[in-house]
$ cat start_9.cif   # mmCIF, C-alpha atoms
data_data
#
loop_
_atom_site.label_atom_id
_atom_site.label_comp_id
_atom_site.auth_asym_id
_atom_site.auth_seq_id
_atom_site.Cartn_x
_atom_site.Cartn_y
_atom_site.Cartn_z
CA MET A 1 -54.06 96.33 -105.47
CA ARG A 2 -52.38 94.49 -102.60
CA ILE A 3 -54.90 95.43 -99.91
CA THR A 4 -57.12 92.61 -101.14
CA GLY A 5 -57.11 88.84 -100.69
CA GLU A 6 -54.82 86.32 -102.35
CA GLY A 7 -54.98 86.58 -106.13
CA ILE A 8 -56.37 90.13 -105.81
CA TRP A 9 -59.63 88.43 -104.84
CA GLY A 10 -61.86 89.01 -101.84
CA ASP A 11 -61.02 90.62 -98.52
CA PRO A 12 -57.46 90.71 -97.19
CA LYS A 13 -56.34 88.30 -94.48
CA ASP A 14 -55.61 91.24 -92.18
CA PRO A 15 -58.05 94.09 -92.92
CA ALA A 16 -56.87 96.02 -89.85
CA GLU A 17 -53.27 96.11 -91.12
CA CYS A 18 -54.44 97.22 -94.56
CA LYS A 19 -56.35 100.08 -92.98
CA ARG A 20 -53.24 100.99 -90.99
CA VAL A 21 -51.30 101.08 -94.28
CA LEU A 22 -53.82 103.50 -95.77
CA LYS A 23 -53.79 105.78 -92.74
CA ARG A 24 -49.99 105.70 -92.57
CA LEU A 25 -49.88 107.02 -96.15
CA LEU A 26 -51.09 110.38 -94.92
CA ASP A 27 -48.39 110.56 -92.22
CA LEU A 28 -45.79 109.94 -94.93
CA ASN A 29 -47.18 112.74 -97.13
CA VAL A 30 -48.29 110.39 -99.90
CA ASN A 31 -50.89 112.28 -101.96
CA PHE A 32 -51.68 109.82 -104.77
CA ILE A 33 -53.41 106.45 -104.40
CA ASP A 34 -54.11 104.23 -107.40
CA THR A 35 -56.83 101.58 -107.30
CA ALA A 36 -59.42 99.92 -109.56
CA ASP A 37 -62.91 98.46 -109.31
CA ALA A 38 -61.41 95.10 -110.38
CA TYR A 39 -59.23 94.85 -107.25
CA GLY A 40 -61.18 92.49 -105.05
CA PRO A 41 -63.35 93.22 -107.01
CA GLU A 42 -64.54 96.40 -105.26
CA VAL A 43 -62.64 95.55 -102.06
CA SER A 44 -59.77 98.02 -102.52
CA GLU A 45 -62.07 100.97 -103.23
CA ARG A 46 -64.23 100.12 -100.23
CA LEU A 47 -61.26 99.86 -97.84
CA ILE A 48 -59.88 103.17 -99.08
CA SER A 49 -63.10 105.03 -98.34
CA GLU A 50 -63.63 103.26 -95.00
CA SER A 51 -60.11 104.23 -93.92
CA LEU A 52 -59.68 107.73 -95.32
CA ALA A 53 -63.00 109.39 -96.16
CA PRO A 54 -63.62 112.26 -95.78
CA TYR A 55 -60.36 112.74 -97.65
CA PRO A 56 -57.82 115.40 -96.70
CA ARG A 57 -57.35 118.27 -99.10
CA GLY A 58 -54.84 117.48 -101.86
CA LEU A 59 -55.18 113.68 -101.76
CA ILE A 60 -55.83 112.26 -105.23
CA ILE A 61 -57.65 108.94 -105.55
CA ALA A 62 -57.23 107.44 -109.01
CA THR A 63 -59.23 104.42 -110.06
CA LYS A 64 -59.85 102.34 -113.18
CA GLY A 65 -62.70 100.61 -114.96
CA GLY A 66 -63.01 98.28 -117.92
CA LEU A 67 -62.00 94.88 -116.53
CA LEU A 68 -64.43 92.31 -115.12
CA ARG A 69 -63.54 89.60 -112.57
CA PRO A 70 -65.85 86.60 -113.05
CA SER A 71 -63.42 84.58 -110.91
CA ALA A 72 -60.04 85.03 -109.25
CA PRO A 73 -57.86 84.14 -112.25
CA GLN A 74 -59.97 86.02 -114.78
CA TRP A 75 -59.47 89.61 -115.97
CA VAL A 76 -61.97 90.13 -118.79
CA PRO A 77 -62.03 93.41 -120.77
CA ASP A 78 -65.36 95.20 -121.03
CA GLY A 79 -65.05 98.53 -122.79
CA ARG A 80 -68.70 98.96 -123.68
CA PRO A 81 -69.79 102.56 -123.01
CA GLU A 82 -72.72 101.43 -120.87
CA HIS A 83 -70.44 99.28 -118.71
CA LEU A 84 -67.88 102.05 -118.24
CA ARG A 85 -70.62 104.45 -117.15
CA GLU A 86 -71.94 101.89 -114.67
CA ALA A 87 -68.40 101.16 -113.44
CA CYS A 88 -67.65 104.84 -112.93
CA GLU A 89 -70.90 105.38 -111.02
CA GLY A 90 -70.07 102.39 -108.82
CA SER A 91 -66.59 103.71 -108.06
CA LEU A 92 -67.98 107.12 -107.15
CA LYS A 93 -70.30 105.50 -104.59
CA ARG A 94 -67.72 103.13 -103.11
CA LEU A 95 -65.06 105.82 -102.86
CA LYS A 96 -67.59 108.35 -101.49
CA LEU A 97 -66.59 110.94 -104.06
CA ALA A 98 -68.60 113.46 -106.06
CA ARG A 99 -65.90 113.46 -108.74
CA ILE A 100 -63.00 111.11 -109.48
CA ASP A 101 -59.79 113.07 -110.04
CA LEU A 102 -58.28 110.48 -112.39
CA TYR A 103 -60.34 107.75 -114.05
CA GLN A 104 -58.44 105.33 -116.25
CA LEU A 105 -59.54 102.84 -118.89
CA HIS A 106 -58.03 99.68 -117.39
CA ALA A 107 -57.50 97.90 -120.70
CA ILE A 108 -58.65 98.04 -124.30
CA ASP A 109 -61.56 95.75 -125.13
CA PRO A 110 -60.80 94.17 -128.53
CA LYS A 111 -64.56 93.82 -129.12
CA VAL A 112 -65.23 97.55 -128.73
CA PRO A 113 -63.70 100.38 -130.79
CA LEU A 114 -61.24 102.32 -128.64
CA GLU A 115 -62.97 105.53 -129.66
CA ASP A 116 -66.31 104.31 -128.26
CA SER A 117 -64.81 103.48 -124.87
CA LEU A 118 -62.89 106.75 -124.56
CA GLY A 119 -65.86 108.67 -125.93
CA GLU A 120 -67.91 107.59 -122.92
CA LEU A 121 -65.16 108.69 -120.54
CA ALA A 122 -65.14 112.04 -122.36
CA ARG A 123 -68.87 112.36 -121.70
CA LEU A 124 -68.42 111.49 -118.03
CA ARG A 125 -65.74 114.15 -117.88
CA GLN A 126 -68.06 116.72 -119.43
CA GLU A 127 -70.69 115.79 -116.84
CA GLY A 128 -68.23 116.51 -114.02
CA LYS A 129 -68.01 112.94 -112.76
CA ILE A 130 -64.39 112.64 -113.89
CA ARG A 131 -61.78 115.38 -113.63
CA HIS A 132 -59.06 113.77 -115.75
CA VAL A 133 -58.89 110.73 -118.04
CA GLY A 134 -56.03 108.25 -118.10
CA VAL A 135 -55.35 105.03 -119.99
CA SER A 136 -53.71 101.74 -119.06
CA ASN A 137 -51.96 99.02 -121.07
CA PHE A 138 -51.74 101.20 -124.19
CA SER A 139 -49.20 101.31 -127.02
CA ALA A 140 -47.91 104.61 -128.39
CA ASP A 141 -50.24 104.34 -131.41
CA GLU A 142 -53.23 103.59 -129.18
CA LEU A 143 -52.32 106.55 -126.97
CA ALA A 144 -52.28 108.83 -130.02
CA ARG A 145 -55.76 107.57 -131.00
CA ALA A 146 -57.06 108.11 -127.47
CA ARG A 147 -55.78 111.68 -127.37
CA ARG A 148 -57.78 112.49 -130.48
CA VAL A 149 -60.94 111.59 -128.55
CA VAL A 150 -60.28 113.12 -125.12
CA PRO A 151 -57.40 114.86 -123.31
CA VAL A 152 -55.32 112.12 -121.66
CA VAL A 153 -53.17 113.05 -118.67
CA SER A 154 -51.59 109.70 -117.79
CA VAL A 155 -50.62 106.24 -119.00
CA GLN A 156 -50.35 103.22 -116.70
CA ASN A 157 -48.27 100.43 -118.26
CA ARG A 158 -46.08 97.65 -116.93
CA TYR A 159 -42.53 98.97 -116.62
CA ASN A 160 -39.59 98.10 -114.38
CA LEU A 161 -35.87 97.35 -114.50
CA ALA A 162 -36.53 93.94 -116.02
CA ASP A 163 -39.38 94.84 -118.39
CA ARG A 164 -38.94 97.96 -120.53
CA ARG A 165 -41.32 97.16 -123.37
CA SER A 166 -43.16 100.44 -122.76
CA GLU A 167 -40.04 102.53 -123.39
CA GLU A 168 -41.66 104.20 -126.42
CA VAL A 169 -44.76 105.16 -124.42
CA LEU A 170 -42.58 106.50 -121.60
CA GLY A 171 -40.78 108.63 -124.17
CA VAL A 172 -44.07 110.10 -125.37
CA CYS A 173 -45.14 110.86 -121.80
CA THR A 174 -41.81 112.51 -121.00
CA ARG A 175 -41.93 114.71 -124.12
CA GLU A 176 -45.62 115.56 -123.85
CA GLY A 177 -45.81 116.14 -120.09
CA LEU A 178 -48.09 113.20 -119.32
CA ALA A 179 -47.74 111.16 -116.14
CA PHE A 180 -46.33 107.67 -116.66
CA ILE A 181 -47.58 105.31 -113.94
CA PRO A 182 -45.60 102.05 -114.05
CA TRP A 183 -47.51 99.09 -112.73
CA ALA A 184 -45.47 96.23 -111.31
CA PRO A 185 -42.70 98.82 -110.73
CA LEU A 186 -40.76 96.29 -108.66
CA ALA A 187 -41.45 93.26 -110.87
CA SER A 188 -41.30 90.60 -108.15
CA GLY A 189 -38.76 88.54 -106.32
CA SER A 190 -36.99 89.05 -103.01
CA THR A 191 -35.32 92.03 -101.39
CA SER A 192 -31.99 90.76 -102.66
CA ARG A 193 -32.86 89.98 -106.26
CA LEU A 194 -35.37 91.22 -108.81
CA GLU A 195 -37.34 88.88 -111.06
CA GLY A 196 -36.18 88.98 -114.66
CA GLY A 197 -32.75 90.28 -113.75
CA GLY A 198 -31.20 87.46 -115.67
CA ASP A 199 -28.68 84.95 -114.45
CA ARG A 200 -27.42 85.78 -110.99
CA HIS A 201 -23.94 86.23 -112.40
CA SER A 202 -25.04 88.44 -115.28
CA ASP A 203 -23.81 92.01 -115.42
CA LYS A 204 -27.24 93.52 -114.79
CA ALA A 205 -28.13 91.40 -111.79
CA ALA A 206 -24.69 91.94 -110.32
CA ALA A 207 -24.92 95.70 -110.89
CA LEU A 208 -28.28 95.87 -109.15
CA GLU A 209 -27.05 93.95 -106.14
CA LYS A 210 -23.84 96.01 -106.02
CA VAL A 211 -25.74 99.29 -105.96
CA ALA A 212 -28.08 98.01 -103.24
CA ALA A 213 -25.16 96.81 -101.12
CA ALA A 214 -23.31 100.12 -101.53
CA HIS A 215 -26.26 102.04 -100.17
CA GLY A 216 -27.25 99.46 -97.57
CA VAL A 217 -30.75 99.12 -99.02
CA SER A 218 -32.82 96.43 -100.73
CA VAL A 219 -32.83 95.90 -104.48
CA MET A 220 -36.51 96.90 -104.39
CA GLN A 221 -35.55 100.33 -103.09
CA VAL A 222 -32.94 100.68 -105.82
CA ALA A 223 -35.60 99.73 -108.38
CA ILE A 224 -37.84 102.57 -107.20
CA ALA A 225 -34.97 105.06 -107.15
CA TRP A 226 -34.02 104.00 -110.68
CA LEU A 227 -37.57 104.59 -111.90
CA LEU A 228 -37.69 108.05 -110.35
CA ALA A 229 -34.35 108.95 -111.93
CA LYS A 230 -35.46 107.63 -115.32
CA SER A 231 -37.95 110.39 -116.16
CA PRO A 232 -39.67 113.38 -114.56
CA ALA A 233 -42.93 111.85 -115.84
CA MET A 234 -42.51 108.77 -113.64
CA LEU A 235 -45.06 108.11 -110.89
CA PRO A 236 -44.34 104.67 -109.37
CA ILE A 237 -47.17 102.89 -107.52
CA PRO A 238 -45.55 100.07 -105.52
CA GLY A 239 -48.28 98.05 -103.85
CA THR A 240 -48.17 96.73 -100.31
CA SER A 241 -50.34 95.40 -97.52
CA SER A 242 -47.90 96.08 -94.67
CA VAL A 243 -46.82 99.29 -92.95
CA ALA A 244 -43.18 98.17 -92.80
CA HIS A 245 -43.05 97.57 -96.56
CA LEU A 246 -44.81 100.89 -97.19
CA GLU A 247 -42.22 102.77 -95.17
CA GLU A 248 -39.41 101.01 -97.04
CA ASP A 249 -40.96 101.98 -100.38
CA ILE A 250 -41.32 105.63 -99.38
CA ALA A 251 -37.74 105.76 -98.09
CA ALA A 252 -36.59 104.75 -101.57
CA ALA A 253 -37.66 108.16 -102.88
CA ARG A 254 -34.79 109.72 -100.88
CA LEU A 255 -32.23 107.39 -102.45
CA GLN A 256 -30.02 109.24 -104.93
CA LEU A 257 -28.20 107.12 -107.51
CA GLY A 258 -24.99 108.47 -109.03
CA PRO A 259 -24.27 108.69 -112.80
CA THR A 260 -22.04 105.59 -112.70
CA GLU A 261 -24.72 103.59 -110.91
CA LEU A 262 -27.42 104.70 -113.32
CA ALA A 263 -25.19 103.82 -116.26
CA ALA A 264 -24.63 100.33 -114.83
CA LEU A 265 -28.40 99.81 -114.63
CA ALA A 266 -29.22 101.36 -118.01
#
$ encode --input "start_9.cif" --output "structure tokens"
Amino acid sequence: MRITGEGIWGDPKDPAECKRVLKRLLDLNVNFIDTADAYGPEVSERLISESLAPYPRGLIIATKGGLLRPSAPQWVPDGRPEHLREACEGSLKRLKLARIDLYQLHAIDPKVPLEDSLGELARLRQEGKIRHVGVSNFSADELARARRVVPVVSVQNRYNLADRRSEEVLGVCTREGLAFIPWAPLASGSTSRLEGGGDRHSDKAAALEKVAAAHGVSVMQVAIAWLLAKSPAMLPIPGTSSVAHLEEDIAAARLQLGPTELAALA
């Protein structure tokens, strides 16, 4: 998402650095990249293929369809079957793939029955253009409905230390063996404080900063480590457009939080 221009619109200011980020992923043994046709729009998918295709064995490129971008501030749902088919075909071409390993419905279109949208993804799966189907921005009830239409392997919802509204969905994924892909896994803010952590003197904000200081890392790295410790279903996708930030994110996976620290952040 972040290898695009400001507002997730247009080309990035430094395309060369973004391509270095993508190539560095492989050196760091990252084997899952999440994108969407709406990022740019189309810019992220294009940069991924320009940088990495032909893809190394084992690298999974996941993308999403179902949101239109008429302008930079607009994210407009379009879950019509004909649009999703067109979107999937476009992603296949831009990503230079014969089959997309994970194709996700980016958001539910309130004007289109959920079953119609997912039904088209089921057909694309049967045709071999999609290997697995995922959903994004779904409630637990909506996930249950989706799974009656097509096997769903993942859910991508907003979830981080400061925003846990998808706790019920995470619970379903943990119990059922589905991947839970938290978007905005770091919320936002600085390396010393996370957005939504409450007043700087609150217990939670203080606990976060204390844990980061104890390990000599940023609060962002603690946020990733906390996510990974939260559930075996967790698959964080922190976005970045710089190699330095990428390396910091990956290093967070080696950070082990103790029971007392996890309790303080619970």
$ residues_near_point --input "start_9.cif" --point "(-62.6, 110.9, -101.1)" --cutoff "10 Å" --atoms "only C-alpha atoms" --output "ChimeraX atom specification"
/A:48-50,52-57,59-61,92,94-101
$ resolve_selection --input "start_9.cif" --expression "the PyMOL selection byres ((chain A and resi 3) around 8)" --output "ChimeraX atom specification"
/A:1-2,4-5,11-12,15,18,44,240-241
$ write_last_selection --input "start_9.cif" --atoms "C-alpha atoms" --output "PDB file, in the coordinates of the input"
ATOM      1  CA  MET A   1     -54.060  96.330-105.470  1.00  0.00           C
ATOM      2  CA  ARG A   2     -52.380  94.490-102.600  1.00  0.00           C
ATOM      3  CA  THR A   4     -57.120  92.610-101.140  1.00  0.00           C
ATOM      4  CA  GLY A   5     -57.110  88.840-100.690  1.00  0.00           C
ATOM      5  CA  ASP A  11     -61.020  90.620 -98.520  1.00  0.00           C
ATOM      6  CA  PRO A  12     -57.460  90.710 -97.190  1.00  0.00           C
ATOM      7  CA  PRO A  15     -58.050  94.090 -92.920  1.00  0.00           C
ATOM      8  CA  CYS A  18     -54.440  97.220 -94.560  1.00  0.00           C
ATOM      9  CA  SER A  44     -59.770  98.020-102.520  1.00  0.00           C
ATOM     10  CA  THR A 240     -48.170  96.730-100.310  1.00  0.00           C
ATOM     11  CA  SER A 241     -50.340  95.400 -97.520  1.00  0.00           C
TER      12      SER A 241
END
$ resolve_selection --input "start_9.cif" --expression "the PyMOL selection byres ((chain A and resi 25) around 12)" --output "PyMOL selection string"
chain A and resi 18-24+26-33+48+51-52+56+59+239-247+249-250
$ atom_distance --input "start_9.cif" --atom1 "CA of Pro70 in chain A" --atom2 "CA of Arg85 in chain A"
18.9 Å
$ atom_distance --input "start_9.cif" --atom1 "CA of His132 in chain A" --atom2 "CA of Asp163 in chain A"
27.4 Å
$ resolve_selection --input "start_9.cif" --expression "the PyMOL selection byres ((chain A and resi 168) around 12)" --output "PyMOL selection string"
chain A and resi 138-143+155+157+159+164-167+169-175+180
$ write_last_selection --input "start_9.cif" --atoms "C-alpha atoms" --output "PDB file, in the frame of the given file"
ATOM      1  CA  PHE A 138     -51.740 101.200-124.190  1.00  0.00           C
ATOM      2  CA  SER A 139     -49.200 101.310-127.020  1.00  0.00           C
ATOM      3  CA  ALA A 140     -47.910 104.610-128.390  1.00  0.00           C
ATOM      4  CA  ASP A 141     -50.240 104.340-131.410  1.00  0.00           C
ATOM      5  CA  GLU A 142     -53.230 103.590-129.180  1.00  0.00           C
ATOM      6  CA  LEU A 143     -52.320 106.550-126.970  1.00  0.00           C
ATOM      7  CA  VAL A 155     -50.620 106.240-119.000  1.00  0.00           C
ATOM      8  CA  ASN A 157     -48.270 100.430-118.260  1.00  0.00           C
ATOM      9  CA  TYR A 159     -42.530  98.970-116.620  1.00  0.00           C
ATOM     10  CA  ARG A 164     -38.940  97.960-120.530  1.00  0.00           C
ATOM     11  CA  ARG A 165     -41.320  97.160-123.370  1.00  0.00           C
ATOM     12  CA  SER A 166     -43.160 100.440-122.760  1.00  0.00           C
ATOM     13  CA  GLU A 167     -40.040 102.530-123.390  1.00  0.00           C
ATOM     14  CA  VAL A 169     -44.760 105.160-124.420  1.00  0.00           C
ATOM     15  CA  LEU A 170     -42.580 106.500-121.600  1.00  0.00           C
ATOM     16  CA  GLY A 171     -40.780 108.630-124.170  1.00  0.00           C
ATOM     17  CA  VAL A 172     -44.070 110.100-125.370  1.00  0.00           C
ATOM     18  CA  CYS A 173     -45.140 110.860-121.800  1.00  0.00           C
ATOM     19  CA  THR A 174     -41.810 112.510-121.000  1.00  0.00           C
ATOM     20  CA  ARG A 175     -41.930 114.710-124.120  1.00  0.00           C
ATOM     21  CA  PHE A 180     -46.330 107.670-116.660  1.00  0.00           C
TER      22      PHE A 180
END
$ residues_around --input "start_9.cif" --residues "Ala266 in chain A" --least-positions-apart "4" --cutoff "9 Å" --atoms "all atoms listed in the file" --output "list in words"
Leu161, Lys204, Glu261 and Leu262 of chain A
$ atom_distance --input "start_9.cif" --atom1 "CA of Gly79 in chain A" --atom2 "CA of Asp109 in chain A"
5.0 Å
$ closest_residue --input "start_9.cif" --among "A:Glu82, A:Val135, A:Ala144, A:Glu89" --to "Leu102 in chain A" --atoms "all atoms listed in the file"
A:Val135
